[in-house]
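Participant: Pasting input.cif below, which is mmCIF, C-alpha atoms.
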```
data_structure
#
loop_
_atom_site.label_atom_id
_atom_site.label_comp_id
_atom_site.auth_asym_id
_atom_site.auth_seq_id
_atom_site.Cartn_x
_atom_site.Cartn_y
_atom_site.Cartn_z
CA MET A 1 18.89 -39.69 -12.33
CA LEU A 2 15.98 -40.80 -10.11
CA SER A 3 13.87 -42.44 -12.79
CA THR A 4 14.76 -45.97 -11.63
CA LEU A 5 13.63 -45.14 -8.13
CA PHE A 6 10.44 -43.40 -9.22
CA GLY A 7 9.53 -45.95 -11.88
CA ASN A 8 10.08 -43.94 -15.05
CA LYS A 9 11.43 -40.70 -16.50
CA THR A 10 8.04 -38.95 -16.60
CA ALA A 11 7.39 -39.58 -12.91
CA GLU A 12 10.83 -38.16 -12.12
CA ARG A 13 10.11 -35.04 -14.19
CA VAL A 14 6.69 -34.57 -12.59
CA LEU A 15 8.15 -34.72 -9.08
CA LEU A 16 11.07 -32.44 -9.91
CA TYR A 17 8.69 -29.96 -11.50
CA LEU A 18 6.35 -29.89 -8.49
CA GLN A 19 9.21 -29.58 -6.01
CA ASN A 20 10.71 -26.76 -8.06
CA TYR A 21 7.57 -24.71 -8.73
CA GLY A 22 5.42 -25.79 -5.80
CA GLU A 23 2.48 -26.73 -8.02
CA GLY A 24 1.53 -27.48 -11.60
CA TYR A 25 -0.95 -29.03 -13.99
CA ALA A 26 -0.61 -31.66 -16.71
CA THR A 27 -0.54 -29.37 -19.78
CA GLN A 28 2.03 -27.06 -18.21
CA ILE A 29 4.31 -29.91 -17.09
CA ALA A 30 4.04 -31.70 -20.45
CA ARG A 31 4.87 -28.48 -22.33
CA THR A 32 7.89 -27.83 -20.12
CA PHE A 33 9.45 -31.19 -20.97
CA GLY A 34 8.06 -31.69 -24.46
CA ALA A 35 6.31 -34.82 -23.16
CA ALA A 36 2.91 -36.26 -24.06
CA GLN A 37 0.18 -34.83 -21.85
CA SER A 38 -1.41 -38.29 -21.49
CA GLN A 39 1.83 -39.70 -20.04
CA VAL A 40 2.16 -36.83 -17.60
CA GLN A 41 -1.49 -37.14 -16.56
CA LYS A 42 -1.02 -40.87 -16.01
CA GLN A 43 1.87 -40.27 -13.62
CA LEU A 44 0.07 -37.45 -11.82
CA SER A 45 -2.92 -39.72 -11.25
CA ARG A 46 -0.73 -42.63 -10.14
CA LEU A 47 1.19 -40.48 -7.65
CA GLU A 48 -2.04 -38.95 -6.36
CA GLN A 49 -3.51 -42.41 -5.81
CA GLY A 50 -0.45 -43.24 -3.74
CA ASP A 51 -0.98 -40.06 -1.64
CA VAL A 52 2.33 -38.59 -2.78
CA LEU A 53 0.43 -35.75 -4.49
CA VAL A 54 -2.79 -33.90 -3.81
CA SER A 55 -4.84 -31.89 -6.27
CA VAL A 56 -7.58 -29.30 -6.47
CA LEU A 57 -9.88 -28.61 -9.40
CA GLU A 58 -9.86 -24.96 -10.49
CA GLY A 59 -12.34 -24.40 -13.30
CA ARG A 60 -11.42 -27.10 -15.81
CA THR A 61 -7.84 -27.43 -14.61
CA ARG A 62 -6.64 -29.88 -11.98
CA ARG A 63 -3.69 -28.37 -10.11
CA TYR A 64 -1.27 -30.73 -8.33
CA ARG A 65 1.29 -30.32 -5.57
CA LEU A 66 3.28 -32.57 -3.26
CA ASN A 67 1.08 -33.78 -0.42
CA PRO A 68 2.19 -31.87 2.71
CA ARG A 69 0.68 -34.63 4.88
CA TRP A 70 2.47 -37.54 3.22
CA PRO A 71 4.72 -39.09 5.93
CA PHE A 72 7.87 -38.93 3.78
CA ARG A 73 7.22 -35.45 2.32
CA LYS A 74 10.27 -33.85 4.00
CA GLU A 75 12.61 -36.66 3.01
CA LEU A 76 11.30 -36.58 -0.55
CA ALA A 77 11.83 -32.80 -0.68
CA VAL A 78 15.47 -33.21 0.40
CA LEU A 79 16.04 -35.86 -2.27
CA LEU A 80 14.38 -33.78 -4.99
CA GLU A 81 16.27 -30.62 -4.00
CA ARG A 82 19.56 -32.55 -4.25
CA ALA A 83 18.52 -33.80 -7.68
CA LEU A 84 17.53 -30.28 -8.81
CA ALA A 85 20.87 -28.90 -7.61
CA SER A 86 22.77 -31.47 -9.65
CA LEU A 87 21.02 -30.73 -12.95
CA PRO A 88 23.11 -29.08 -15.70
CA ARG A 89 22.90 -25.26 -15.70
CA GLU A 90 21.34 -25.20 -19.17
CA GLU A 91 18.63 -27.63 -18.09
CA ILE A 92 17.86 -25.50 -15.03
CA ALA A 93 17.69 -22.29 -17.07
CA LEU A 94 15.49 -23.91 -19.73
CA ARG A 95 12.98 -25.79 -17.60
CA TYR A 96 13.19 -24.72 -13.97
CA ARG A 97 13.42 -20.92 -13.93
CA ARG A 98 10.05 -19.79 -15.28
CA ARG A 99 8.88 -16.61 -13.54
CA THR A 100 6.19 -17.52 -11.04
CA ARG A 101 5.90 -14.27 -9.10
CA PRO A 102 3.03 -12.09 -10.28
CA ARG A 103 3.48 -9.36 -12.83
CA ARG A 104 1.47 -6.18 -12.39
CA PRO A 105 -1.17 -5.60 -15.07
CA GLY A 106 -0.30 -2.94 -17.61
CA LYS A 107 3.40 -3.73 -17.35
CA VAL A 108 5.47 -2.79 -20.41
CA LEU A 109 7.37 -5.94 -21.37
CA MET B 1 18.34 15.44 -19.17
CA LYS B 2 21.71 15.65 -20.94
CA ALA B 3 22.96 12.17 -21.86
CA ALA B 4 20.64 9.16 -21.60
CA PRO B 5 21.62 7.07 -18.55
CA ARG B 6 22.78 3.60 -19.55
CA SER B 7 22.83 1.85 -16.19
CA VAL B 8 20.41 1.17 -13.34
CA ARG B 9 22.68 3.18 -11.05
CA ALA B 10 22.82 6.24 -13.31
CA LEU B 11 19.10 6.19 -14.08
CA ALA B 12 18.16 5.71 -10.42
CA ALA B 13 20.15 8.84 -9.55
CA VAL B 14 18.50 10.84 -12.35
CA VAL B 15 15.01 9.76 -11.19
CA VAL B 16 15.74 10.50 -7.52
CA ARG B 17 17.00 14.00 -8.43
CA ALA B 18 13.91 14.71 -10.57
CA LEU B 19 11.61 13.50 -7.78
CA ALA B 20 13.46 15.63 -5.22
CA GLU B 21 12.84 18.71 -7.40
CA GLU B 22 9.13 18.00 -6.88
CA GLY B 23 9.65 17.40 -3.17
CA VAL B 24 9.07 13.65 -3.52
CA GLU B 25 11.04 11.04 -1.55
CA ALA B 26 11.15 7.51 -2.95
CA VAL B 27 12.76 4.18 -2.10
CA LEU B 28 14.30 1.96 -4.75
CA THR B 29 13.22 -1.64 -4.35
CA GLY B 30 12.81 -4.88 -6.32
CA GLY B 31 15.07 -6.33 -9.01
CA ALA B 32 16.95 -3.07 -9.65
CA VAL B 33 18.43 -3.32 -6.15
CA VAL B 34 19.63 -6.83 -7.00
CA SER B 35 21.37 -5.39 -10.07
CA LEU B 36 23.14 -2.79 -7.92
CA TYR B 37 24.29 -5.29 -5.28
CA THR B 38 25.46 -7.94 -7.75
CA ASN B 39 27.24 -5.59 -10.11
CA ASN B 40 24.64 -6.46 -12.77
CA ALA B 41 25.13 -10.24 -12.54
CA TYR B 42 21.32 -10.15 -12.56
CA GLU B 43 20.33 -7.23 -14.69
CA SER B 44 16.88 -5.78 -14.13
CA LYS B 45 15.20 -3.64 -16.74
CA ASP B 46 12.66 -2.27 -14.26
CA LEU B 47 13.23 0.34 -11.59
CA ASP B 48 10.57 0.19 -8.89
CA PHE B 49 10.34 3.18 -6.56
CA VAL B 50 7.98 3.03 -3.62
CA CYS B 51 6.73 6.50 -2.76
CA ALA B 52 3.73 8.01 -1.07
CA ALA B 53 3.46 11.08 -3.31
CA GLY B 54 0.48 11.82 -5.51
CA ARG B 55 0.38 10.78 -9.13
CA GLU B 56 0.59 14.33 -10.55
CA ARG B 57 3.87 15.20 -8.83
CA VAL B 58 5.43 11.92 -9.92
CA GLU B 59 4.24 12.46 -13.52
CA ARG B 60 5.65 16.01 -13.53
CA ALA B 61 9.00 14.78 -12.21
CA MET B 62 9.20 12.00 -14.80
CA ALA B 63 8.13 14.32 -17.63
CA SER B 64 10.94 16.69 -16.67
CA ILE B 65 13.45 13.96 -17.55
CA GLY B 66 11.69 12.94 -20.74
CA PHE B 67 9.65 9.96 -19.54
CA ARG B 68 6.01 9.40 -20.50
CA ARG B 69 3.48 7.12 -18.87
CA GLU B 70 2.66 3.87 -20.69
CA GLY B 71 0.27 1.72 -18.69
CA ARG B 72 1.70 1.63 -15.19
CA SER B 73 5.24 2.19 -16.38
CA PHE B 74 7.22 5.24 -17.39
CA VAL B 75 9.27 4.85 -20.54
CA ARG B 76 11.61 6.98 -22.58
CA GLU B 77 12.75 6.31 -26.12
CA GLY B 78 16.35 5.18 -26.25
CA ILE B 79 16.48 4.06 -22.61
CA PRO B 80 16.32 0.30 -22.06
CA PHE B 81 14.67 0.59 -18.64
CA THR B 82 11.16 1.21 -17.40
CA VAL B 83 10.34 3.01 -14.16
CA GLU B 84 7.36 2.19 -11.95
CA PHE B 85 5.94 3.51 -8.72
CA PRO B 86 4.20 0.68 -6.88
CA THR B 87 2.05 1.92 -4.04
CA GLY B 88 3.51 1.52 -0.56
CA PRO B 89 3.97 0.82 2.16
CA LEU B 90 7.27 -0.93 1.75
CA ALA B 91 6.87 -4.59 2.71
CA LEU B 92 9.17 -7.59 3.02
CA GLY B 93 6.86 -10.59 2.88
CA GLU B 94 4.61 -10.46 5.93
CA HIS B 95 6.53 -7.50 7.39
CA VAL B 96 4.75 -4.32 6.34
CA GLY B 97 5.91 -0.75 6.86
CA VAL B 98 9.61 -1.56 6.62
CA ARG B 99 12.16 1.26 6.86
CA PRO B 100 14.71 1.08 4.05
CA ALA B 101 18.20 0.73 5.52
CA GLY B 102 20.24 1.10 2.33
CA ARG B 103 21.90 4.27 1.03
CA LEU B 104 23.80 4.66 -2.22
CA ARG B 105 25.60 7.83 -3.16
CA VAL B 106 25.91 8.60 -6.88
CA GLY B 107 27.76 11.90 -7.21
CA ALA B 108 25.83 14.37 -5.10
CA THR B 109 22.66 12.25 -5.13
CA LEU B 110 21.75 10.01 -2.22
CA ILE B 111 19.53 7.10 -3.24
CA ARG B 112 17.45 5.43 -0.51
CA LEU B 113 17.05 1.73 -1.16
CA LEU B 114 16.75 -1.67 0.49
CA SER B 115 19.91 -2.72 2.32
CA PRO B 116 21.62 -5.89 1.08
CA ALA B 117 19.96 -7.95 3.86
CA GLN B 118 16.56 -6.40 3.09
CA CYS B 119 17.13 -7.12 -0.60
CA VAL B 120 17.77 -10.80 0.25
CA MET B 121 14.54 -10.83 2.30
CA ASP B 122 12.61 -9.17 -0.53
CA ARG B 123 13.77 -11.83 -3.00
CA LEU B 124 13.27 -14.68 -0.54
CA ALA B 125 9.68 -13.54 0.07
CA TRP B 126 8.91 -14.22 -3.61
CA PHE B 127 10.55 -17.61 -3.32
CA PHE B 128 8.78 -18.53 -0.09
CA HIS B 129 5.33 -17.40 -1.20
CA ASN B 130 5.41 -18.03 -4.97
CA ARG B 131 8.23 -20.56 -5.35
CA ASP B 132 9.94 -18.19 -7.75
CA ARG B 133 13.36 -19.73 -8.30
CA GLN B 134 14.63 -16.70 -10.23
CA CYS B 135 14.26 -14.79 -6.98
CA LEU B 136 15.95 -17.59 -5.03
CA ASP B 137 18.97 -17.29 -7.34
CA GLN B 138 18.96 -13.52 -6.86
CA ALA B 139 18.78 -13.84 -3.06
CA VAL B 140 21.77 -16.20 -3.15
CA ALA B 141 23.70 -13.86 -5.45
CA VAL B 142 23.19 -10.85 -3.15
CA ALA B 143 23.88 -12.83 0.04
CA SER B 144 27.10 -14.24 -1.40
CA SER B 145 28.42 -10.95 -2.78
CA GLN B 146 27.48 -8.55 0.04
CA ALA B 147 28.11 -8.52 3.79
CA VAL B 148 24.74 -9.56 5.22
CA SER B 149 23.73 -10.88 8.62
CA LEU B 150 22.33 -14.37 8.09
CA ASP B 151 21.02 -14.27 11.66
CA ALA B 152 18.90 -11.20 10.88
CA ILE B 153 17.60 -12.83 7.71
CA ARG B 154 16.88 -16.05 9.61
CA ARG B 155 14.88 -14.13 12.24
CA TRP B 156 12.86 -12.47 9.50
CA ALA B 157 12.39 -15.80 7.68
CA ARG B 158 10.88 -17.43 10.78
CA GLY B 159 7.95 -15.03 10.44
CA GLU B 160 7.42 -16.15 6.84
CA ASN B 161 6.80 -19.69 8.05
CA ASP B 162 8.61 -21.63 5.32
CA GLU B 163 11.17 -23.86 6.96
CA GLU B 164 11.70 -25.90 3.80
CA GLY B 165 12.26 -22.75 1.71
CA TRP B 166 14.81 -21.47 4.23
CA THR B 167 16.72 -24.77 4.07
CA VAL B 168 16.73 -24.66 0.27
CA PHE B 169 18.17 -21.12 0.43
CA LEU B 170 20.92 -22.11 2.88
CA GLU B 171 21.92 -25.13 0.78
CA ALA B 172 22.03 -22.99 -2.37
CA LEU B 173 24.12 -20.39 -0.55
CA LYS B 174 26.61 -23.07 0.55
CA ARG B 175 26.97 -24.24 -3.04
CA SER B 176 27.48 -20.73 -4.42
#
```
Before anything else, please render the file you have as C-alpha cells.

Facilitator:
Amino acid sequence: MLSTLFGNKTAERVLLYLQNYGEGYATQIARTFGAAQSQVQKQLSRLEQGDVLVSVLEGRTRRYRLNPRWPFRKELAVLLERALASLPREEIALRYRRRTRPRRPGKVL
Amino acid sequence: MKAAPRSVRALAAVVVRALAEEGVEAVLTGGAVVSLYTNNAYESKDLDFVCAAGRERVERAMASIGFRREGRSFVREGIPFTVEFPTGPLALGEHVGVRPAGRLRVGATLIRLLSPAQCVMDRLAWFFHNRDRQCLDQAVAVASSQAVSLDAIRRWARGENDEEGWTVFLEALKRS
C-alpha cells in the first residue's frame, strides 16, 4: 500500500505498527509480521537516523516510537491512520489488535 | 443461587443483590459495561465492580452465591465469567472520583454502572494512554449504538491531552 513511498514493505509495516501501538521493539514487530528481526532492525535504525523515529534503551531492549518532534509527524500520522483504516478486517484482527492495556496481576485468564 | 446466570446482565444483577444483602453498594465498570451497551457485540468475560466495602463483606456476599476467590478474581464452576472488585475511586482517565451516571434495571434489581458516555470515556482513556485499539473499537461501538453527547466526551477528552487520539476516534466513528 505505502511500501513504494516508504522504500520497502518492512518499513511500511514498522511505521504502521508504531502508529497503531504507539511504540514497539524489533523482536515484537518482527514476530507480529513473521519477518526477519534483522530486516526490521535495519529499518528501525534507518528511520531513526532520519529522525522519523526516536528510541530509548530499557534494559537490553531498544523501544521505538514515532518522533513527536519530527516536522511532518502529524501529516505522517494522518497518512498512517488512513492506511490502517483501509486494511482488511482479518489483517487488523490478526496483527493490530493486541491488548496493550495492563492486566492486573493474579487475574484468572 | 438457583440457575447459573448465563449473561453479563443476569450475573451482574445476581452479584448486586448478593452485595446488597451485605449492605454493600458497587458500581459496574470496565468491559462488562461495553457488553451491556453493545448487546454483546463485544463480549466481556470479566465483571469489574468498584466498591469501597471491606474484603470480608465482599467475600461473604460472593460466597453466598457460590463464588470462591482465586487470585484477585471470584470464580464459580460452570459460570463462564469472573468477578473482580478493583479498588476505587472510580476514575475516567485523569478524572478521579467520578459519579456513575448509568442505571440498569433487571427485574427488581437496580444496577449502578457507567453511563454510555462514561463508558466511551473509560474505553477512550485506555486508548489515549496505552494505545489499546481493542478499547478504541469498543468506544466506537458504544458511541455508535447508544445516544451519547459527543460534546461532553470532547470536553472530557481535552483534559486527557491527546488531540491525535481524539481525531482517530472521530474518524473511526464516522466510518462505523

Participant: Write down, as a list in words, each residue of chain B that has any atom within 6 Å of an atom of chain A, counting all atoms listed in the file.

Facilitator: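 Therefore, the residues near the partner are Gly71, Arg72, Asn130, Arg131, Asp132, Arg133 and Gln134 of chain B.
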
Participant: Neighbouring residues of A:Glu48 were defined as those with any atom within 12 Å, considering all atoms listed in the file; residues of the same chain fewer than 3 positions away were excluded. Please report them as a list of chain:residue names.

Facilitator: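 My reading of the contact set: A:Ala11, A:Val14, A:Leu15, A:Gln41, A:Lys42, A:Gln43, A:Leu44, A:Ser45, A:Asp51, A:Val52, A:Leu53, A:Val54, A:Ser55, A:Val56, A:Arg62, A:Arg63, A:Tyr64, A:Arg65, A:Leu66, A:Asn67, A:Trp70.
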
Participant: Do you know which residues the PyMOL selection byres ((chain A and resi 3-5) around 12) returns on this file, as a PyMOL selection string?

Facilitator: chain A and resi 1-2+6-16+76+79-80+83

Participant: Between atom CA of B:Gly107 and atom CA of B:Ala4, measure the distance and give it in Å to one decimal.

Facilitator: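 Atom-to-atom, atom CA of B:Gly107 to atom CA of B:Ala4, that is 16.3 Å.
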
Participant: Mind checking which residues fall within 10 Å of A:Arg95, counting only C-alpha atoms, ignoring those fewer than 6 positions away in the same chain, and posting them as an NGL selection string?

Facilitator: :A and (17 or 20 or 29 or 31-33)

Participant: Can you translate the PyMOL selection byres ((chain B and resi 42) around 10) into the concrete residues it hits in this file, as a list in words?

Facilitator: Gly31, Ala32, Val33, Val34, Ser35, Leu36, Tyr37, Thr38, Asn39, Asn40, Ala41, Glu43, Ser44, Lys45, Gln134, Asp137, Gln138, Ala141 and Val142 of chain B

Participant: Considering all atoms listed in the file, can you say which of B:Asp122, B:Asp46, B:Glu25, B:Glu77 comes closest to B:Glu94?

Facilitator: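 Ranked by minimum distance to B:Glu94, first place goes to B:Asp122.
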
Participant: List the residues matched by the PyMOL selection byres ((chain B and resi 55-65) around 7) in the displayed structure as number ranges by chain, ordered by chain and then by residue number.

Facilitator: B: 1, 18-19, 22, 53-54, 66-68

Participant: Can you work out the spacing between atom CA of B:Leu110 and atom CA of B:Pro5 in Å, to one decimal?

Facilitator: 16.6 Å

Participant: Select, from B:Ser73, B:Gly102, B:Arg112, B:Trp126, the residue with the minimum atom-to-atom distance to B:Cys51, counting all atoms listed in the file.

Facilitator: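 Closest residue, counting all atoms listed in the file: B:Arg112.
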
Participant: Provide the atom CA of B:Ala52 to atom CA of B:Ala157 distance in Å, to one decimal place.

Facilitator: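 Interatomic distance, atom CA of B:Ala52 to atom CA of B:Ala157: 26.8 Å.
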
Participant: Smallest atom-to-atom distance to B:Val168: which of B:Ser145, B:Ala91, B:Phe128, B:Asp151, using only C-alpha atoms?

Facilitator: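 Of the candidates, the smallest distance to B:Val168 is held by B:Phe128.
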
Participant: Write out as a list in words the residues lying within 12 Å of B:Gly88, counting only C-alpha atoms and excluding same-chain residues fewer than 4 positions away.

Facilitator: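 The neighbour list is Ala26, Val27, Leu28, Thr29, Asp48, Phe49, Val50, Cys51, Ala52, Ala53, Gly54, Leu92, Val96, Gly97, Val98 and Arg99 of chain B.
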
Participant: Extract, using only C-alpha atoms, all DNA, RNA and protein residues at most 10 Å from stretch 58-61 of chain A, discarding same-chain residues fewer than 5 positions from it, and format them as a list of chain:residue names.

Facilitator: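 Result of the neighbour search: A:Gly24, A:Tyr25, A:Ala26, A:Thr27.
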
Participant: Can you take the partial stretch 50-73 of chain A, add N, CA and C atoms, and return it as a PDB file, in the coordinates of the input?

Facilitator:
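As written to disk, rebuild19.pdb reads:
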```
ATOM      1  N   GLY A  50      -1.357 -42.790  -4.793  1.00  0.00           N
ATOM      2  CA  GLY A  50      -0.450 -43.240  -3.740  1.00  0.00           C
ATOM      3  C   GLY A  50      -0.254 -42.222  -2.633  1.00  0.00           C
ATOM      4  N   ASP A  51      -1.025 -41.127  -2.669  1.00  0.00           N
ATOM      5  CA  ASP A  51      -0.980 -40.060  -1.640  1.00  0.00           C
ATOM      6  C   ASP A  51       0.284 -39.216  -1.669  1.00  0.00           C
ATOM      7  N   VAL A  52       1.113 -39.419  -2.682  1.00  0.00           N
ATOM      8  CA  VAL A  52       2.330 -38.590  -2.780  1.00  0.00           C
ATOM      9  C   VAL A  52       1.941 -37.165  -3.199  1.00  0.00           C
ATOM     10  N   LEU A  53       0.908 -37.046  -4.025  1.00  0.00           N
ATOM     11  CA  LEU A  53       0.430 -35.750  -4.490  1.00  0.00           C
ATOM     12  C   LEU A  53      -1.000 -35.515  -4.020  1.00  0.00           C
ATOM     13  N   VAL A  54      -1.374 -34.257  -3.998  1.00  0.00           N
ATOM     14  CA  VAL A  54      -2.790 -33.900  -3.810  1.00  0.00           C
ATOM     15  C   VAL A  54      -3.145 -32.914  -4.926  1.00  0.00           C
ATOM     16  N   SER A  55      -4.436 -32.800  -5.195  1.00  0.00           N
ATOM     17  CA  SER A  55      -4.840 -31.890  -6.270  1.00  0.00           C
ATOM     18  C   SER A  55      -6.113 -31.154  -5.910  1.00  0.00           C
ATOM     19  N   VAL A  56      -6.311 -30.022  -6.575  1.00  0.00           N
ATOM     20  CA  VAL A  56      -7.580 -29.300  -6.470  1.00  0.00           C
ATOM     21  C   VAL A  56      -8.026 -28.946  -7.890  1.00  0.00           C
ATOM     22  N   LEU A  57      -9.336 -28.966  -8.093  1.00  0.00           N
ATOM     23  CA  LEU A  57      -9.880 -28.610  -9.400  1.00  0.00           C
ATOM     24  C   LEU A  57     -10.197 -27.119  -9.400  1.00  0.00           C
ATOM     25  N   GLU A  58      -9.580 -26.396 -10.349  1.00  0.00           N
ATOM     26  CA  GLU A  58      -9.860 -24.960 -10.490  1.00  0.00           C
ATOM     27  C   GLU A  58     -10.415 -24.734 -11.881  1.00  0.00           C
ATOM     28  N   GLY A  59     -11.712 -24.486 -11.983  1.00  0.00           N
ATOM     29  CA  GLY A  59     -12.340 -24.400 -13.300  1.00  0.00           C
ATOM     30  C   GLY A  59     -12.254 -25.764 -13.961  1.00  0.00           C
ATOM     31  N   ARG A  60     -11.573 -25.795 -15.112  1.00  0.00           N
ATOM     32  CA  ARG A  60     -11.420 -27.100 -15.810  1.00  0.00           C
ATOM     33  C   ARG A  60     -10.019 -27.661 -15.630  1.00  0.00           C
ATOM     34  N   THR A  61      -9.237 -27.005 -14.781  1.00  0.00           N
ATOM     35  CA  THR A  61      -7.840 -27.430 -14.610  1.00  0.00           C
ATOM     36  C   THR A  61      -7.628 -28.080 -13.246  1.00  0.00           C
ATOM     37  N   ARG A  62      -6.976 -29.238 -13.245  1.00  0.00           N
ATOM     38  CA  ARG A  62      -6.640 -29.880 -11.980  1.00  0.00           C
ATOM     39  C   ARG A  62      -5.190 -29.527 -11.642  1.00  0.00           C
ATOM     40  N   ARG A  63      -5.011 -28.863 -10.511  1.00  0.00           N
ATOM     41  CA  ARG A  63      -3.690 -28.370 -10.110  1.00  0.00           C
ATOM     42  C   ARG A  63      -3.117 -29.293  -9.023  1.00  0.00           C
ATOM     43  N   TYR A  64      -1.905 -29.752  -9.236  1.00  0.00           N
ATOM     44  CA  TYR A  64      -1.270 -30.730  -8.330  1.00  0.00           C
ATOM     45  C   TYR A  64      -0.141 -30.098  -7.528  1.00  0.00           C
ATOM     46  N   ARG A  65       0.095 -30.650  -6.346  1.00  0.00           N
ATOM     47  CA  ARG A  65       1.290 -30.320  -5.570  1.00  0.00           C
ATOM     48  C   ARG A  65       1.657 -31.516  -4.702  1.00  0.00           C
ATOM     49  N   LEU A  66       2.860 -31.478  -4.151  1.00  0.00           N
ATOM     50  CA  LEU A  66       3.280 -32.570  -3.260  1.00  0.00           C
ATOM     51  C   LEU A  66       2.397 -32.528  -2.014  1.00  0.00           C
ATOM     52  N   ASN A  67       2.001 -33.695  -1.563  1.00  0.00           N
ATOM     53  CA  ASN A  67       1.080 -33.780  -0.420  1.00  0.00           C
ATOM     54  C   ASN A  67       1.818 -33.419   0.871  1.00  0.00           C
ATOM     55  N   PRO A  68       1.461 -32.287   1.492  1.00  0.00           N
ATOM     56  CA  PRO A  68       2.190 -31.870   2.710  1.00  0.00           C
ATOM     57  C   PRO A  68       1.981 -32.841   3.870  1.00  0.00           C
ATOM     58  N   ARG A  69       0.966 -33.690   3.785  1.00  0.00           N
ATOM     59  CA  ARG A  69       0.680 -34.630   4.880  1.00  0.00           C
ATOM     60  C   ARG A  69       1.254 -36.025   4.635  1.00  0.00           C
ATOM     61  N   TRP A  70       1.883 -36.221   3.484  1.00  0.00           N
ATOM     62  CA  TRP A  70       2.470 -37.540   3.220  1.00  0.00           C
ATOM     63  C   TRP A  70       3.631 -37.752   4.200  1.00  0.00           C
ATOM     64  N   PRO A  71       3.726 -38.906   4.852  1.00  0.00           N
ATOM     65  CA  PRO A  71       4.720 -39.090   5.930  1.00  0.00           C
ATOM     66  C   PRO A  71       6.170 -38.859   5.500  1.00  0.00           C
ATOM     67  N   PHE A  72       6.470 -39.079   4.220  1.00  0.00           N
ATOM     68  CA  PHE A  72       7.870 -38.930   3.780  1.00  0.00           C
ATOM     69  C   PHE A  72       8.080 -37.655   2.952  1.00  0.00           C
ATOM     70  N   ARG A  73       7.165 -36.692   3.111  1.00  0.00           N
ATOM     71  CA  ARG A  73       7.220 -35.450   2.320  1.00  0.00           C
ATOM     72  C   ARG A  73       8.564 -34.728   2.501  1.00  0.00           C
TER      73      ARG A  73
END
```
